[in-house]
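Asks: Input work.pdb, format and content: PDB, C-alpha atoms.
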ATOM      1  CA  MET M 155      57.627 -90.168 -69.150
ATOM      2  CA  LYS M 156      55.223 -92.261 -67.018
ATOM      3  CA  LYS M 157      57.407 -91.644 -63.984
ATOM      4  CA  LEU M 158      56.705 -87.913 -64.119
ATOM      5  CA  VAL M 159      53.097 -88.627 -63.114
ATOM      6  CA  PHE M 160      54.281 -89.724 -59.701
ATOM      7  CA  ILE M 161      56.174 -86.521 -58.937
ATOM      8  CA  PRO M 162      53.084 -84.508 -57.912
ATOM      9  CA  LEU M 163      51.927 -87.466 -55.839
ATOM     10  CA  ALA M 164      55.297 -87.686 -54.094
ATOM     11  CA  LEU M 165      55.252 -83.924 -53.481
ATOM     12  CA  PHE M 166      51.729 -84.180 -52.091
ATOM     13  CA  ILE M 167      52.688 -87.021 -49.743
ATOM     14  CA  GLY M 168      55.708 -85.006 -48.616
ATOM     15  CA  LEU M 169      53.457 -82.030 -47.896
ATOM     16  CA  VAL M 170      51.032 -84.203 -45.919
ATOM     17  CA  VAL M 171      53.911 -85.574 -43.833
ATOM     18  CA  PHE M 172      55.082 -82.043 -43.023
ATOM     19  CA  LEU M 173      51.545 -80.940 -42.159
ATOM     20  CA  PHE M 174      51.194 -83.937 -39.827
ATOM     21  CA  ILE M 175      54.425 -83.035 -38.075
ATOM     22  CA  GLY M 176      53.070 -79.490 -37.797
ATOM     23  CA  LEU M 177      49.877 -80.764 -36.169
ATOM     24  CA  ARG M 178      51.810 -82.503 -33.442
ATOM     25  CA  HIS M 179      53.948 -79.457 -32.866
ATOM     26  CA  ASP M 180      52.791 -76.656 -30.574
ATOM     27  CA  PRO M 181      53.938 -73.382 -32.148
ATOM     28  CA  ARG M 182      53.516 -71.645 -28.802
ATOM     29  CA  GLU M 183      56.149 -73.844 -27.225
ATOM     30  CA  ILE M 184      59.508 -72.122 -27.427
ATOM     31  CA  PRO M 185      62.325 -74.527 -26.520
ATOM     32  CA  SER M 186      64.137 -73.181 -23.511
ATOM     33  CA  PRO M 187      67.720 -72.113 -24.056
ATOM     34  CA  LEU M 188      68.239 -72.691 -20.333
ATOM     35  CA  ILE M 189      68.089 -76.508 -20.245
ATOM     36  CA  ASN M 190      71.367 -77.861 -18.867
ATOM     37  CA  LYS M 191      72.514 -74.330 -18.090
ATOM     38  CA  ALA M 192      72.960 -72.719 -14.694
ATOM     39  CA  ALA M 193      69.703 -71.357 -13.312
ATOM     40  CA  PRO M 194      69.799 -67.532 -13.455
ATOM     41  CA  SER M 195      70.536 -66.130 -10.036
ATOM     42  CA  PHE M 196      67.958 -64.125  -8.160
ATOM     43  CA  GLN M 197      67.416 -62.732  -4.727
ATOM     44  CA  LEU M 198      63.813 -61.918  -3.906
ATOM     45  CA  PRO M 199      61.830 -60.990  -0.802
ATOM     46  CA  GLN M 200      59.664 -63.736   0.601
ATOM     47  CA  LEU M 201      55.961 -63.400  -0.011
ATOM     48  CA  HIS M 202      54.870 -63.713   3.602
ATOM     49  CA  ASP M 203      57.836 -61.950   5.156
ATOM     50  CA  PRO M 204      59.349 -59.218   2.928
ATOM     51  CA  GLN M 205      62.203 -58.736   5.396
ATOM     52  CA  LYS M 206      63.570 -62.172   4.520
ATOM     53  CA  THR M 207      64.867 -63.071   1.104
ATOM     54  CA  LEU M 208      65.587 -66.222  -0.818
ATOM     55  CA  SER M 209      68.218 -66.601  -3.520
ATOM     56  CA  ALA M 210      68.857 -69.367  -6.031
ATOM     57  CA  GLN M 211      72.164 -69.837  -4.206
ATOM     58  CA  ASP M 212      70.319 -70.777  -0.995
ATOM     59  CA  MET M 213      68.948 -73.883  -2.715
ATOM     60  CA  ARG M 214      72.371 -75.292  -3.614
ATOM     61  CA  GLY M 215      72.700 -78.943  -2.631
ATOM     62  CA  LYS M 216      69.000 -79.606  -3.154
ATOM     63  CA  VAL M 217      66.999 -80.841  -6.106
ATOM     64  CA  TRP M 218      64.071 -78.456  -6.295
ATOM     65  CA  LEU M 219      61.219 -77.297  -8.460
ATOM     66  CA  LEU M 220      60.819 -73.612  -9.207
ATOM     67  CA  ASN M 221      57.271 -72.661 -10.165
ATOM     68  CA  PHE M 222      56.351 -69.283 -11.645
ATOM     69  CA  TRP M 223      52.767 -68.275 -10.939
ATOM     70  CA  GLY M 224      50.423 -65.396 -10.221
ATOM     71  CA  THR M 225      46.854 -64.943  -9.032
ATOM     72  CA  TRP M 226      46.096 -63.204 -12.367
ATOM     73  CA  CYS M 227      47.019 -66.366 -14.253
ATOM     74  CA  ILE M 228      44.047 -68.676 -14.886
ATOM     75  CA  ALA M 229      46.151 -71.712 -15.821
ATOM     76  CA  CYS M 230      48.054 -71.320 -12.521
ATOM     77  CA  ARG M 231      44.771 -71.556 -10.620
ATOM     78  CA  GLU M 232      44.019 -74.745 -12.516
ATOM     79  CA  GLU M 233      47.441 -76.124 -11.702
ATOM     80  CA  HIS M 234      47.200 -75.187  -8.037
ATOM     81  CA  PRO M 235      45.181 -78.185  -6.705
ATOM     82  CA  TRP M 236      47.545 -80.506  -8.551
ATOM     83  CA  LEU M 237      50.573 -78.819  -7.000
ATOM     84  CA  LEU M 238      48.984 -79.437  -3.587
ATOM     85  CA  GLU M 239      48.759 -83.131  -4.465
ATOM     86  CA  TYR M 240      52.331 -83.241  -5.788
ATOM     87  CA  ALA M 241      53.662 -81.452  -2.709
ATOM     88  CA  LYS M 242      52.169 -84.157  -0.479
ATOM     89  CA  SER M 243      54.370 -86.765  -2.130
ATOM     90  CA  ASN M 244      57.495 -84.932  -0.933
ATOM     91  CA  ALA M 245      59.313 -85.852  -4.152
ATOM     92  CA  VAL M 246      60.876 -82.378  -4.487
ATOM     93  CA  PRO M 247      60.488 -79.124  -2.577
ATOM     94  CA  ILE M 248      58.461 -76.665  -4.656
ATOM     95  CA  VAL M 249      59.505 -73.041  -4.493
ATOM     96  CA  GLY M 250      57.004 -70.550  -5.880
ATOM     97  CA  ILE M 251      57.787 -67.245  -7.534
ATOM     98  CA  ASP M 252      54.683 -65.090  -7.477
ATOM     99  CA  TYR M 253      55.146 -62.437 -10.136
ATOM    100  CA  LYS M 254      53.259 -59.800 -12.042
ATOM    101  CA  TYR M 255      53.869 -57.484 -14.960
ATOM    102  CA  SER M 256      54.518 -53.821 -14.379
ATOM    103  CA  SER M 257      51.318 -52.863 -16.213
ATOM    104  CA  ASP M 258      49.390 -54.721 -13.507
ATOM    105  CA  THR M 259      48.824 -52.224 -10.698
ATOM    106  CA  SER M 260      46.825 -54.523  -8.436
ATOM    107  CA  ASP M 261      48.113 -55.654  -5.047
ATOM    108  CA  GLU M 262      49.389 -59.038  -6.133
ATOM    109  CA  ARG M 263      51.192 -59.759  -2.863
ATOM    110  CA  THR M 264      48.014 -59.520  -0.781
ATOM    111  CA  ALA M 265      46.000 -61.421  -3.377
ATOM    112  CA  ALA M 266      48.591 -64.210  -3.450
ATOM    113  CA  MET M 267      48.703 -64.537   0.323
ATOM    114  CA  ARG M 268      44.907 -64.654   0.425
ATOM    115  CA  MET M 269      44.775 -67.313  -2.286
ATOM    116  CA  LEU M 270      47.354 -69.518  -0.551
ATOM    117  CA  ALA M 271      45.475 -69.163   2.750
ATOM    118  CA  GLU M 272      42.162 -70.052   1.121
ATOM    119  CA  VAL M 273      43.006 -72.972  -1.142
ATOM    120  CA  GLY M 274      46.181 -74.280   0.476
ATOM    121  CA  ASN M 275      49.878 -73.694   0.044
ATOM    122  CA  PRO M 276      51.889 -76.253  -1.954
ATOM    123  CA  TYR M 277      55.126 -74.258  -1.702
ATOM    124  CA  SER M 278      57.984 -74.870   0.690
ATOM    125  CA  LEU M 279      58.569 -71.165   0.232
ATOM    126  CA  THR M 280      57.185 -68.420  -1.963
ATOM    127  CA  VAL M 281      59.046 -65.332  -3.084
ATOM    128  CA  TYR M 282      57.612 -62.233  -4.694
ATOM    129  CA  ASP M 283      58.855 -60.761  -7.987
ATOM    130  CA  ALA M 284      57.074 -57.401  -8.063
ATOM    131  CA  ASP M 285      58.175 -56.231 -11.514
ATOM    132  CA  GLY M 286      58.545 -59.561 -13.308
ATOM    133  CA  ARG M 287      62.310 -59.158 -13.812
ATOM    134  CA  VAL M 288      63.223 -62.634 -12.617
ATOM    135  CA  SER M 289      60.501 -64.143 -14.805
ATOM    136  CA  ILE M 290      62.136 -62.466 -17.816
ATOM    137  CA  ASP M 291      65.552 -63.796 -16.736
ATOM    138  CA  TYR M 292      64.046 -67.287 -16.824
ATOM    139  CA  GLY M 293      62.450 -66.666 -20.222
ATOM    140  CA  VAL M 294      58.958 -67.138 -18.801
ATOM    141  CA  TYR M 295      56.214 -66.177 -21.244
ATOM    142  CA  GLY M 296      53.286 -68.447 -20.444
ATOM    143  CA  ALA M 297      52.708 -68.950 -16.732
ATOM    144  CA  PRO M 298      52.679 -71.326 -15.034
ATOM    145  CA  GLU M 299      56.180 -72.436 -15.903
ATOM    146  CA  SER M 300      58.276 -74.790 -13.802
ATOM    147  CA  PHE M 301      61.974 -75.557 -13.708
ATOM    148  CA  LEU M 302      63.557 -78.637 -12.138
ATOM    149  CA  ILE M 303      66.950 -77.587 -10.810
ATOM    150  CA  ASP M 304      69.648 -79.986  -9.632
ATOM    151  CA  LYS M 305      71.994 -79.857  -6.644
ATOM    152  CA  SER M 306      74.608 -77.800  -8.463
ATOM    153  CA  GLY M 307      72.042 -75.259  -9.641
ATOM    154  CA  VAL M 308      71.638 -76.490 -13.221
ATOM    155  CA  ILE M 309      68.213 -76.503 -14.884
ATOM    156  CA  ARG M 310      67.390 -80.058 -15.954
ATOM    157  CA  PHE M 311      63.777 -79.820 -17.062
ATOM    158  CA  LYS M 312      61.275 -77.145 -17.948
ATOM    159  CA  GLN M 313      57.523 -77.381 -18.139
ATOM    160  CA  ILE M 314      55.596 -74.663 -19.946
ATOM    161  CA  GLY M 315      52.011 -74.553 -18.740
ATOM    162  CA  PRO M 316      50.491 -76.597 -15.923
ATOM    163  CA  ILE M 317      52.319 -79.723 -14.762
ATOM    164  CA  THR M 318      49.947 -82.489 -15.753
ATOM    165  CA  GLU M 319      49.765 -85.781 -13.858
ATOM    166  CA  ASP M 320      51.643 -87.499 -16.696
ATOM    167  CA  VAL M 321      54.466 -84.991 -16.675
ATOM    168  CA  TRP M 322      54.747 -85.218 -12.902
ATOM    169  CA  ARG M 323      54.696 -89.019 -12.771
ATOM    170  CA  ASP M 324      56.736 -89.791 -15.898
ATOM    171  CA  LYS M 325      59.196 -86.920 -16.089
ATOM    172  CA  ILE M 326      59.645 -84.902 -12.914
ATOM    173  CA  VAL M 327      59.501 -87.610 -10.232
ATOM    174  CA  PRO M 328      61.887 -90.057 -11.997
ATOM    175  CA  LEU M 329      64.293 -87.276 -12.911
ATOM    176  CA  ALA M 330      64.248 -85.864  -9.367
ATOM    177  CA  ARG M 331      64.911 -89.330  -7.966
ATOM    178  CA  GLN M 332      67.808 -89.829 -10.351
ATOM    179  CA  LEU M 333      69.272 -86.388  -9.543
ATOM    180  CA  ASN M 334      68.987 -87.033  -5.818
ATOM    181  CA  GLN M 335      71.151 -90.149  -5.987
TER     182      GLN M 335
ATOM    183  CA  MET O  78      23.379 -23.603 -30.328
ATOM    184  CA  LYS O  79      24.454 -23.386 -26.743
ATOM    185  CA  ARG O  80      23.701 -27.012 -26.317
ATOM    186  CA  ALA O  81      25.877 -27.955 -29.310
ATOM    187  CA  THR O  82      28.807 -25.980 -27.912
ATOM    188  CA  PHE O  83      28.373 -27.717 -24.579
ATOM    189  CA  THR O  84      28.329 -31.174 -26.210
ATOM    190  CA  THR O  85      31.443 -30.359 -28.253
ATOM    191  CA  LEU O  86      33.262 -29.177 -25.142
ATOM    192  CA  ALA O  87      32.229 -32.269 -23.219
ATOM    193  CA  ILE O  88      33.485 -34.562 -25.987
ATOM    194  CA  LEU O  89      36.739 -32.607 -26.305
ATOM    195  CA  SER O  90      37.483 -32.804 -22.602
ATOM    196  CA  LEU O  91      36.703 -36.508 -22.603
ATOM    197  CA  VAL O  92      39.101 -37.093 -25.518
ATOM    198  CA  THR O  93      41.804 -35.058 -23.762
ATOM    199  CA  ALA O  94      41.342 -37.108 -20.616
ATOM    200  CA  ILE O  95      41.696 -40.376 -22.569
ATOM    201  CA  VAL O  96      44.745 -39.149 -24.481
ATOM    202  CA  ALA O  97      46.364 -37.996 -21.243
ATOM    203  CA  GLN O  98      45.876 -41.459 -19.782
ATOM    204  CA  VAL O  99      47.214 -43.313 -22.792
ATOM    205  CA  ALA O 100      50.246 -41.071 -23.235
ATOM    206  CA  GLN O 101      53.375 -42.571 -21.690
ATOM    207  CA  PRO O 102      55.517 -40.553 -19.319
ATOM    208  CA  LEU O 103      57.990 -38.602 -21.435
ATOM    209  CA  GLU O 104      61.240 -40.378 -22.094
ATOM    210  CA  ASP O 105      64.320 -39.250 -23.919
ATOM    211  CA  PRO O 106      63.273 -39.299 -27.616
ATOM    212  CA  ALA O 107      66.650 -40.638 -28.741
ATOM    213  CA  ILE O 108      66.398 -43.577 -26.353
ATOM    214  CA  GLU O 109      62.780 -44.192 -27.353
ATOM    215  CA  GLU O 110      63.757 -44.171 -31.028
ATOM    216  CA  ARG O 111      66.518 -46.723 -30.477
ATOM    217  CA  MET O 112      64.261 -48.817 -28.251
ATOM    218  CA  ARG O 113      61.563 -48.825 -30.953
ATOM    219  CA  ASN O 114      64.043 -49.811 -33.662
ATOM    220  CA  LEU O 115      65.370 -52.686 -31.564
ATOM    221  CA  THR O 116      62.010 -54.014 -30.398
ATOM    222  CA  LYS O 117      60.715 -53.942 -33.992
ATOM    223  CA  GLN O 118      63.179 -56.774 -34.652
ATOM    224  CA  LEU O 119      61.877 -58.814 -31.730
ATOM    225  CA  ARG O 120      59.006 -61.260 -31.802
ATOM    226  CA  CYS O 121      56.694 -61.061 -28.821
ATOM    227  CA  PRO O 122      56.847 -64.522 -27.157
ATOM    228  CA  VAL O 123      53.191 -64.299 -26.070
ATOM    229  CA  CYS O 124      51.458 -63.033 -29.225
ATOM    230  CA  GLN O 125      53.808 -64.507 -31.759
ATOM    231  CA  SER O 126      52.714 -62.657 -34.859
ATOM    232  CA  GLU O 127      53.432 -59.273 -33.331
ATOM    233  CA  THR O 128      56.677 -57.474 -32.665
ATOM    234  CA  VAL O 129      57.619 -56.471 -29.153
ATOM    235  CA  ALA O 130      57.416 -52.872 -30.378
ATOM    236  CA  GLU O 131      53.744 -53.031 -31.281
ATOM    237  CA  SER O 132      52.346 -55.665 -28.920
ATOM    238  CA  GLN O 133      50.179 -54.588 -26.024
ATOM    239  CA  ALA O 134      50.843 -57.833 -24.107
ATOM    240  CA  PRO O 135      52.077 -57.106 -20.576
ATOM    241  CA  LEU O 136      55.217 -59.136 -21.237
ATOM    242  CA  ALA O 137      55.986 -57.035 -24.328
ATOM    243  CA  GLN O 138      55.565 -53.862 -22.281
ATOM    244  CA  ASP O 139      58.033 -55.185 -19.723
ATOM    245  CA  LEU O 140      60.464 -56.258 -22.453
ATOM    246  CA  ARG O 141      60.335 -52.711 -23.840
ATOM    247  CA  ARG O 142      61.149 -51.474 -20.352
ATOM    248  CA  GLU O 143      64.093 -53.891 -20.118
ATOM    249  CA  VAL O 144      65.429 -52.794 -23.522
ATOM    250  CA  ARG O 145      65.010 -49.135 -22.562
ATOM    251  CA  GLU O 146      66.958 -49.693 -19.346
ATOM    252  CA  GLN O 147      69.707 -51.586 -21.123
ATOM    253  CA  ILE O 148      70.081 -48.683 -23.542
ATOM    254  CA  LYS O 149      70.337 -46.294 -20.600
ATOM    255  CA  ALA O 150      72.972 -48.584 -19.084
ATOM    256  CA  GLY O 151      75.032 -48.059 -22.245
ATOM    257  CA  LYS O 152      74.669 -51.547 -23.756
ATOM    258  CA  SER O 153      75.291 -52.012 -27.467
ATOM    259  CA  ASP O 154      72.561 -53.215 -29.840
ATOM    260  CA  GLN O 155      74.282 -56.607 -30.112
ATOM    261  CA  GLU O 156      74.410 -56.975 -26.350
ATOM    262  CA  ILE O 157      70.720 -56.162 -26.044
ATOM    263  CA  MET O 158      69.738 -58.635 -28.782
ATOM    264  CA  ALA O 159      71.899 -61.273 -27.084
ATOM    265  CA  TYR O 160      70.161 -60.487 -23.786
ATOM    266  CA  VAL O 161      66.799 -61.322 -25.362
ATOM    267  CA  SER O 162      67.887 -64.381 -27.374
ATOM    268  CA  GLN O 163      69.621 -65.888 -24.323
ATOM    269  CA  ARG O 164      66.254 -65.846 -22.569
ATOM    270  CA  TYR O 165      63.773 -66.431 -25.374
ATOM    271  CA  THR O 166      66.024 -68.150 -27.984
ATOM    272  CA  ASP O 167      66.617 -67.055 -31.584
ATOM    273  CA  PHE O 168      62.910 -67.618 -32.039
ATOM    274  CA  ALA O 169      62.390 -64.139 -30.590
ATOM    275  CA  LEU O 170      64.578 -62.589 -33.282
ATOM    276  CA  TYR O 171      62.938 -61.654 -36.574
ATOM    277  CA  ASN O 172      66.386 -61.666 -38.125
ATOM    278  CA  PRO O 173      67.947 -64.860 -36.744
ATOM    279  CA  PRO O 174      71.720 -65.425 -37.067
ATOM    280  CA  VAL O 175      73.055 -67.823 -39.718
ATOM    281  CA  LYS O 176      74.207 -71.002 -37.950
ATOM    282  CA  THR O 177      73.816 -74.784 -38.269
ATOM    283  CA  THR O 178      70.288 -74.840 -36.841
ATOM    284  CA  THR O 179      69.119 -72.040 -39.129
ATOM    285  CA  TYR O 180      70.772 -73.177 -42.388
ATOM    286  CA  LEU O 181      67.525 -74.717 -43.628
ATOM    287  CA  LEU O 182      65.653 -71.529 -42.776
ATOM    288  CA  TRP O 183      68.124 -69.305 -44.583
ATOM    289  CA  PHE O 184      69.062 -71.477 -47.562
ATOM    290  CA  GLY O 185      66.000 -73.727 -47.895
ATOM    291  CA  PRO O 186      64.156 -71.363 -50.272
ATOM    292  CA  PHE O 187      67.200 -71.102 -52.568
ATOM    293  CA  LEU O 188      67.520 -74.892 -52.533
ATOM    294  CA  LEU O 189      63.869 -75.195 -53.587
ATOM    295  CA  LEU O 190      64.417 -72.595 -56.320
ATOM    296  CA  LEU O 191      67.413 -74.544 -57.613
ATOM    297  CA  MET O 192      65.474 -77.819 -57.596
ATOM    298  CA  GLY O 193      62.574 -76.157 -59.400
ATOM    299  CA  THR O 194      64.877 -74.704 -62.070
ATOM    300  CA  VAL O 195      66.551 -78.066 -62.714
ATOM    301  CA  LEU O 196      63.155 -79.793 -63.041
ATOM    302  CA  LEU O 197      61.893 -77.058 -65.372
ATOM    303  CA  PHE O 198      64.958 -77.307 -67.637
ATOM    304  CA  ARG O 199      64.698 -81.076 -67.842
ATOM    305  CA  TYR O 200      61.004 -80.840 -68.674
ATOM    306  CA  VAL O 201      61.538 -78.219 -71.388
ATOM    307  CA  LYS O 202      64.373 -80.266 -72.887
ATOM    308  CA  ARG O 203      62.164 -83.332 -73.089
ATOM    309  CA  ARG O 204      59.354 -81.310 -74.717
ATOM    310  CA  ARG O 205      61.774 -80.007 -77.307
ATOM    311  CA  GLU O 206      62.713 -83.564 -78.282
ATOM    312  CA  LEU O 207      59.015 -84.349 -78.741
ATOM    313  CA  ILE O 208      58.228 -81.468 -81.076
ATOM    314  CA  LYS O 209      61.255 -81.944 -83.307
ATOM    315  CA  VAL O 210      60.246 -82.448 -86.981
ATOM    316  CA  LYS O 211      61.438 -85.866 -88.071
ATOM    317  CA  PRO O 212      61.191 -86.705 -91.785
ATOM    318  CA  LEU O 213      59.351 -89.961 -92.546
ATOM    319  CA  THR O 214      61.394 -93.000 -93.412
ATOM    320  CA  ALA O 215      60.766 -94.763 -96.734
ATOM    321  CA  GLU O 216      58.854 -97.525 -94.960
ATOM    322  CA  GLU O 217      56.619 -95.006 -93.100
ATOM    323  CA  ARG O 218      55.928 -93.104 -96.320
ATOM    324  CA  ARG O 219      54.898 -96.326 -98.059
ATOM    325  CA  ARG O 220      52.496 -97.187 -95.209
ATOM    326  CA  ALA O 221      51.036 -93.708 -95.189
ATOM    327  CA  GLU O 222      50.412 -93.820 -98.887
ATOM    328  CA  LYS O 223      48.752 -97.191 -98.534
ATOM    329  CA  LEU O 224      46.455 -95.901 -95.806
ATOM    330  CA  LEU O 225      45.554 -92.821 -97.850
ATOM    331  CA  SER O 226      44.755 -94.875-100.944
ATOM    332  CA  GLU O 227      42.387 -97.080 -98.900
ATOM    333  CA  MET O 228      40.196 -94.100 -97.969
TER     334      MET O 228
END
Is it possible to give me this structure as structure tokens?
Replies:
Amino acid sequence: MKKLVFIPLALFIGLVVFLFIGLRHDPREIPSPLINKAAPSFQLPQLHDPQKTLSAQDMRGKVWLLNFWGTWCIACREEHPWLLEYAKSNAVPIVGIDYKYSSDTSDERTAAMRMLAEVGNPYSLTVYDADGRVSIDYGVYGAPESFLIDKSGVIRFKQIGPITEDVWRDKIVPLARQLNQ
Amino acid sequence: MKRATFTTLAILSLVTAIVAQVAQPLEDPAIEERMRNLTKQLRCPVCQSETVAESQAPLAQDLRREVREQIKAGKSDQEIMAYVSQRYTDFALYNPPVKTTTYLLWFGPFLLLLMGTVLLFRYVKRRRELIKVKPLTAEERRRAEKLLSEM
């Protein structure tokens, strides 16, 4: 009979444990179904020269970082100076996909070119996804999002939100080095 | 009076202008109906407590467009749902499939119900033992009588 007293306590402790796990868990973070899968193919016009295109296929044989961004995205602007720093280290080429949603009628291409000219361009190359189709193919929902893709075109790592210094130093750089061997 | 009529007309024309702007370009009602039914079962990845059907997030608008185009391309409902879950995981489905990773989600509540029922039955059984009328033994009766006589 005395033992019964401890049941509510045990239940309470169990609840607290679950709540603690919940605290450390970001509900906005959807695990990507694309990790260790082939990067969805795309062929998009380049931002600065619409006559030229770039496809995922063109990057075969390289370890590269694909970064989805837009001038309308505040977090991307925050990430931008960091990307400039990361690009200097030459650890991986960074390819940018500037995209916008179809409800956005502004001239994103011009705005993006202006922004890159003003604050610096961290990208080896930038392509332009005018109707956001490629961003949907990559399951992007909270720009900026970045994908580390290996030589055979498989996605090895995904970062939702800005790449922080920690993520760059502890995850992306070591993984890129390992994939380049 | 004239002024009132003028005000009414002004308000009416303003409302018409707003409605005209909000109204979407006309699509095939059958396709729209199917699109709405499908997107009602999808969770908007940006504003996670809303369905793709009702969310005004730009991404939800574009997902509605994608679903609409897939319908036009003759895709089945299953194919369209697979299209979304391949990109945004089962998390985007309000009716996720039953598989190893979702067993707890699907059967967890029944497990809790079962555990609760077992505990309840054990508790009630124990209570029943406690309230059972047990006749006093000869020794107990003697002691009781002694106590009563001392009062």
Asks: Using all atoms listed in the file, which protein or nucleic acid residues come within 7 Å of range 108-121 of chain O? Drop anything in the same chain fewer than 4 positions from it, and give the result as a list in words.
Replies: Glu104, Gln125, Glu127, Thr128, Val129, Ala130, Ser132, Ala137, Arg141, Val144, Arg145, Ile148, Ala169, Leu170, Tyr171 and Asn172 of chain O
Asks: Residues of the last selection are to be written out with C-alpha atoms, as a PDB file, in the coordinates of the input.
Replies:
ATOM      1  CA  GLU O 104      61.240 -40.378 -22.094  1.00  0.00           C
ATOM      2  CA  GLN O 125      53.808 -64.507 -31.759  1.00  0.00           C
ATOM      3  CA  GLU O 127      53.432 -59.273 -33.331  1.00  0.00           C
ATOM      4  CA  THR O 128      56.677 -57.474 -32.665  1.00  0.00           C
ATOM      5  CA  VAL O 129      57.619 -56.471 -29.153  1.00  0.00           C
ATOM      6  CA  ALA O 130      57.416 -52.872 -30.378  1.00  0.00           C
ATOM      7  CA  SER O 132      52.346 -55.665 -28.920  1.00  0.00           C
ATOM      8  CA  ALA O 137      55.986 -57.035 -24.328  1.00  0.00           C
ATOM      9  CA  ARG O 141      60.335 -52.711 -23.840  1.00  0.00           C
ATOM     10  CA  VAL O 144      65.429 -52.794 -23.522  1.00  0.00           C
ATOM     11  CA  ARG O 145      65.010 -49.135 -22.562  1.00  0.00           C
ATOM     12  CA  ILE O 148      70.081 -48.683 -23.542  1.00  0.00           C
ATOM     13  CA  ALA O 169      62.390 -64.139 -30.590  1.00  0.00           C
ATOM     14  CA  LEU O 170      64.578 -62.589 -33.282  1.00  0.00           C
ATOM     15  CA  TYR O 171      62.938 -61.654 -36.574  1.00  0.00           C
ATOM     16  CA  ASN O 172      66.386 -61.666 -38.125  1.00  0.00           C
TER      17      ASN O 172
END
Asks: For the atom pair CA of Leu329 in chain M and CA of Trp236 in chain M, what is the interatomic distance in Å to one decimal place?
Replies: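 Separating CA of Leu329 in chain M from CA of Trp236 in chain M is a distance of 18.6 Å.
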Asks: Work out how far apart CA of Val273 in chain M and CA of Arg231 in chain M are and give it in Å to one decimal.
Replies: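 Separation of CA of Val273 in chain M and CA of Arg231 in chain M: 9.7 Å.
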Asks: Just say which residues the PyMOL selection byres ((chain M) within 12 of (chain O)) picks in this file, as a ChimeraX atom specification.
Replies: /M:155,158,161,181-189,191,193-194,226,253-259,284-297
Asks: Keeping only C-alpha atoms, write those residues as a short mmCIF file (atom, residue, chain, number, x, y, z; two decimals), in the frame of the given file.
Replies:
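The file below, selection_29.cif, is the result:
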data_model
loop_
_atom_site.label_atom_id
_atom_site.label_comp_id
_atom_site.auth_asym_id
_atom_site.auth_seq_id
_atom_site.Cartn_x
_atom_site.Cartn_y
_atom_site.Cartn_z
CA MET M 155 57.63 -90.17 -69.15
CA LEU M 158 56.70 -87.91 -64.12
CA ILE M 161 56.17 -86.52 -58.94
CA PRO M 181 53.94 -73.38 -32.15
CA ARG M 182 53.52 -71.64 -28.80
CA GLU M 183 56.15 -73.84 -27.22
CA ILE M 184 59.51 -72.12 -27.43
CA PRO M 185 62.32 -74.53 -26.52
CA SER M 186 64.14 -73.18 -23.51
CA PRO M 187 67.72 -72.11 -24.06
CA LEU M 188 68.24 -72.69 -20.33
CA ILE M 189 68.09 -76.51 -20.24
CA LYS M 191 72.51 -74.33 -18.09
CA ALA M 193 69.70 -71.36 -13.31
CA PRO M 194 69.80 -67.53 -13.46
CA TRP M 226 46.10 -63.20 -12.37
CA TYR M 253 55.15 -62.44 -10.14
CA LYS M 254 53.26 -59.80 -12.04
CA TYR M 255 53.87 -57.48 -14.96
CA SER M 256 54.52 -53.82 -14.38
CA SER M 257 51.32 -52.86 -16.21
CA ASP M 258 49.39 -54.72 -13.51
CA THR M 259 48.82 -52.22 -10.70
CA ALA M 284 57.07 -57.40 -8.06
CA ASP M 285 58.18 -56.23 -11.51
CA GLY M 286 58.54 -59.56 -13.31
CA ARG M 287 62.31 -59.16 -13.81
CA VAL M 288 63.22 -62.63 -12.62
CA SER M 289 60.50 -64.14 -14.80
CA ILE M 290 62.14 -62.47 -17.82
CA ASP M 291 65.55 -63.80 -16.74
CA TYR M 292 64.05 -67.29 -16.82
CA GLY M 293 62.45 -66.67 -20.22
CA VAL M 294 58.96 -67.14 -18.80
CA TYR M 295 56.21 -66.18 -21.24
CA GLY M 296 53.29 -68.45 -20.44
CA ALA M 297 52.71 -68.95 -16.73
#
Asks: Could you tell me how far CA of Phe311 in chain M sits from CA of Asp212 in chain M, in Å to one decimal place?
Replies: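 So the answer is 19.6 Å.
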Asks: Evaluate the PyMOL selection byres ((chain M and resi 275) around 10) on the structure here and hand back the selected residues as a list in words.
Replies: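 Applying the PyMOL selection byres ((chain M and resi 275) around 10) to the structure shown produces His234, Pro235, Leu237, Leu238, Ala241, Gly250, Met267, Met269, Leu270, Ala271, Glu272, Val273, Gly274, Pro276, Tyr277, Ser278, Leu279 and Thr280 of chain M.
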Asks: With distances taken over all atoms listed in the file, which of M:Ala245, M:Glu239, M:Trp218, M:Trp223 is nearest to Val308 in chain M?
Replies: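 The closest residue to Val308 in chain M is M:Trp218.
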Asks: Please identify all polymer residues within 7 Å of Gln200 in chain M, counting all atoms listed in the file, omitting same-chain residues fewer than 5 positions from it, and present them as a ChimeraX atom specification.
Replies: /M:206-208,280-282
Asks: Now that the selection is made, can you save its residues with C-alpha atoms as a PDB file, keeping the file's coordinate frame?
Replies:
ATOM      1  CA  LYS M 206      63.570 -62.172   4.520  1.00  0.00           C
ATOM      2  CA  THR M 207      64.867 -63.071   1.104  1.00  0.00           C
ATOM      3  CA  LEU M 208      65.587 -66.222  -0.818  1.00  0.00           C
ATOM      4  CA  THR M 280      57.185 -68.420  -1.963  1.00  0.00           C
ATOM      5  CA  VAL M 281      59.046 -65.332  -3.084  1.00  0.00           C
ATOM      6  CA  TYR M 282      57.612 -62.233  -4.694  1.00  0.00           C
TER       7      TYR M 282
END
Asks: When you look at Gln332 in chain M with a cut-off of 12 Å (counting all atoms listed in the file), what residues show up, excluding the ones that are within fewer than 2 positions of it in the same chain? I need them as a PyMOL selection string.
Replies: chain M and resi 217+245-246+304-305+310+325-330+334-335
